[in-house]
Structures are given as structure tokens and as C-alpha cells.
Amino acid sequence: MEIKILGTGCPKCKSLEKLTRDVVEKIGIQANVTKVEDITEIMKYHVMSTPALVVNEKVEIRGRVPSEAEIKEVLSKY
């Protein structure tokens, strides 16, 4: 599974990255989690409000930091 956190480095973006990494570790899935801070790359996903969670190239959550339970739910679909 390929997971990307889109965000320029604001506190919310860092929070989403940490939360996502924690969830991946807790549920024990094989995933490559990367942080994308380049605004040009972020724009390719048509994301206007960060942070955003992208799973396997599909934008699942944008513009907010979701709960741990919501991240688990999103990842369980994959």
C-alpha cells in the first residue's frame, strides 16, 4: 500500500503524518508512508486545502486532520 501525506509542513500536516504512521504500525499493515511537501506535486492531486491523505494515488481525506478511527476505516478499504 502506498500512502502519501500532502502538506507544506504546517502543524496539522505534521499531526496527520504522525497519526497515519501510528495507525499503520498499530494495525500492522505493510505500507510505504511518504510526506509530500512540494506544492507542485500537491497540486497534481487537485488538493487546495492541506493536509490530505492519499492512499494508492486516491485522495481520501483533505483539508483536516481525521481521527485515528477514521484513518483506520480508510485504510481497511485497501
# chains A, B, ... in the order shown; residues from 1 in each chain; ligands from 1
call {"tool": "residues_around", "arguments": {"residues": "A:Ile39", "least_positions_apart": "6", "cutoff": "12 Å", "atoms": "only C-alpha atoms", "output": "list in words"}}
result
Leu6, Gly7, Thr8, Gly9, Tyr45, His46, Val47, Met48, Ser49, Thr50 and Pro51 of chain A
call {"tool": "select_by_dssp", "arguments": {"residues": "chain A", "states": "strand (DSSP E or B)", "output": "PyMOL selection string"}}
result
chain A and resi 2-6+32-36+52-55+58-62
call {"tool": "select_by_dssp", "arguments": {"residues": "chain A", "states": "helix (DSSP H, G or I)", "output": "number ranges by chain"}}
result
A: 11-27, 39-43, 68-76
call {"tool": "write_last_selection", "arguments": {"atoms": "N, CA and C atoms", "output": "compact mmCIF listing (two decimals), in the first residue's frame"}}
result
# COMPACT_ATOMS: atom_id res chain seq x y z
N PRO A 11 1.64 22.57 11.28
CA PRO A 11 1.38 21.66 12.40
C PRO A 11 0.31 20.60 12.09
N LYS A 12 -0.73 20.95 11.37
CA LYS A 12 -1.77 19.97 11.04
C LYS A 12 -1.22 18.88 10.12
N CYS A 13 -0.37 19.28 9.19
CA CYS A 13 0.23 18.30 8.27
C CYS A 13 1.12 17.32 9.03
N LYS A 14 1.90 17.85 9.96
CA LYS A 14 2.77 17.00 10.78
C LYS A 14 1.95 16.09 11.66
N SER A 15 0.84 16.59 12.16
CA SER A 15 -0.04 15.80 13.01
C SER A 15 -0.64 14.63 12.22
N LEU A 16 -1.09 14.89 10.99
CA LEU A 16 -1.66 13.83 10.15
C LEU A 16 -0.59 12.79 9.83
N GLU A 17 0.62 13.23 9.54
CA GLU A 17 1.69 12.28 9.23
C GLU A 17 1.96 11.36 10.43
N LYS A 18 2.09 11.94 11.62
CA LYS A 18 2.36 11.13 12.81
C LYS A 18 1.21 10.17 13.10
N LEU A 19 -0.01 10.67 13.02
CA LEU A 19 -1.19 9.85 13.29
C LEU A 19 -1.28 8.69 12.29
N THR A 20 -1.03 8.97 11.02
CA THR A 20 -1.08 7.93 9.99
C THR A 20 -0.02 6.87 10.24
N ARG A 21 1.20 7.30 10.54
CA ARG A 21 2.28 6.34 10.83
C ARG A 21 1.93 5.49 12.05
N ASP A 22 1.35 6.10 13.08
CA ASP A 22 0.94 5.36 14.28
C ASP A 22 -0.12 4.31 13.95
N VAL A 23 -1.11 4.67 13.15
CA VAL A 23 -2.18 3.74 12.78
C VAL A 23 -1.61 2.58 11.96
N VAL A 24 -0.74 2.88 11.01
CA VAL A 24 -0.13 1.82 10.18
C VAL A 24 0.61 0.82 11.07
N GLU A 25 1.33 1.35 12.04
CA GLU A 25 2.08 0.48 12.95
C GLU A 25 1.13 -0.32 13.84
N LYS A 26 0.09 0.32 14.37
CA LYS A 26 -0.85 -0.35 15.27
C LYS A 26 -1.59 -1.49 14.59
N ILE A 27 -2.05 -1.26 13.37
CA ILE A 27 -2.83 -2.32 12.70
C ILE A 27 -1.95 -3.29 11.92
N ILE A 39 4.71 21.93 -3.34
CA ILE A 39 3.38 22.45 -3.71
C ILE A 39 2.99 22.04 -5.13
N THR A 40 3.95 21.92 -6.02
CA THR A 40 3.67 21.50 -7.39
C THR A 40 3.14 20.06 -7.41
N GLU A 41 3.74 19.21 -6.60
CA GLU A 41 3.29 17.82 -6.51
C GLU A 41 1.90 17.75 -5.87
N ILE A 42 1.69 18.55 -4.83
CA ILE A 42 0.39 18.57 -4.15
C ILE A 42 -0.71 18.99 -5.12
N MET A 43 -0.43 19.99 -5.95
CA MET A 43 -1.42 20.49 -6.91
C MET A 43 -1.83 19.42 -7.93
N GLU A 68 -8.16 8.97 14.59
CA GLU A 68 -7.45 7.70 14.39
C GLU A 68 -8.41 6.65 13.82
N ALA A 69 -9.62 6.62 14.34
CA ALA A 69 -10.62 5.65 13.88
C ALA A 69 -10.95 5.85 12.40
N GLU A 70 -11.03 7.10 11.97
CA GLU A 70 -11.33 7.38 10.56
C GLU A 70 -10.19 6.93 9.65
N ILE A 71 -8.96 7.13 10.09
CA ILE A 71 -7.82 6.67 9.30
C ILE A 71 -7.83 5.15 9.19
N LYS A 72 -8.12 4.46 10.30
CA LYS A 72 -8.21 3.00 10.28
C LYS A 72 -9.27 2.55 9.28
N GLU A 73 -10.42 3.22 9.30
CA GLU A 73 -11.52 2.87 8.41
C GLU A 73 -11.11 3.03 6.94
N VAL A 74 -10.44 4.14 6.63
CA VAL A 74 -9.99 4.39 5.26
C VAL A 74 -8.99 3.32 4.83
N LEU A 75 -8.03 3.03 5.67
CA LEU A 75 -7.01 2.05 5.31
C LEU A 75 -7.57 0.63 5.20
N SER A 76 -8.60 0.34 5.96
CA SER A 76 -9.18 -1.01 5.92
C SER A 76 -9.84 -1.31 4.57
call {"tool": "atom_distance", "arguments": {"atom1": "atom CA of A:Arg64", "atom2": "atom CA of A:Gly28"}}
result
24.2 Å
call {"tool": "residues_around", "arguments": {"residues": "A:Leu53", "least_positions_apart": "4", "cutoff": "8 Å", "atoms": "only C-alpha atoms", "output": "PyMOL selection string"}}
result
chain A and resi 3-6+16+59-62
call {"tool": "write_last_selection", "arguments": {"atoms": "C-alpha atoms", "output": "short mmCIF file (atom, residue, chain, number, x, y, z; two decimals), in the first residue's frame"}}
result
data_model
loop_
_atom_site.label_atom_id
_atom_site.label_comp_id
_atom_site.auth_asym_id
_atom_site.auth_seq_id
_atom_site.Cartn_x
_atom_site.Cartn_y
_atom_site.Cartn_z
CA ILE A 3 0.28 6.26 1.48
CA LYS A 4 1.12 9.92 0.94
CA ILE A 5 0.59 12.81 3.31
CA LEU A 6 0.24 16.04 1.34
CA LEU A 16 -1.66 13.83 10.15
CA VAL A 59 -7.27 11.33 -2.26
CA GLU A 60 -9.26 10.02 0.70
CA ILE A 61 -9.21 12.94 3.15
CA ARG A 62 -8.41 16.60 2.57
#
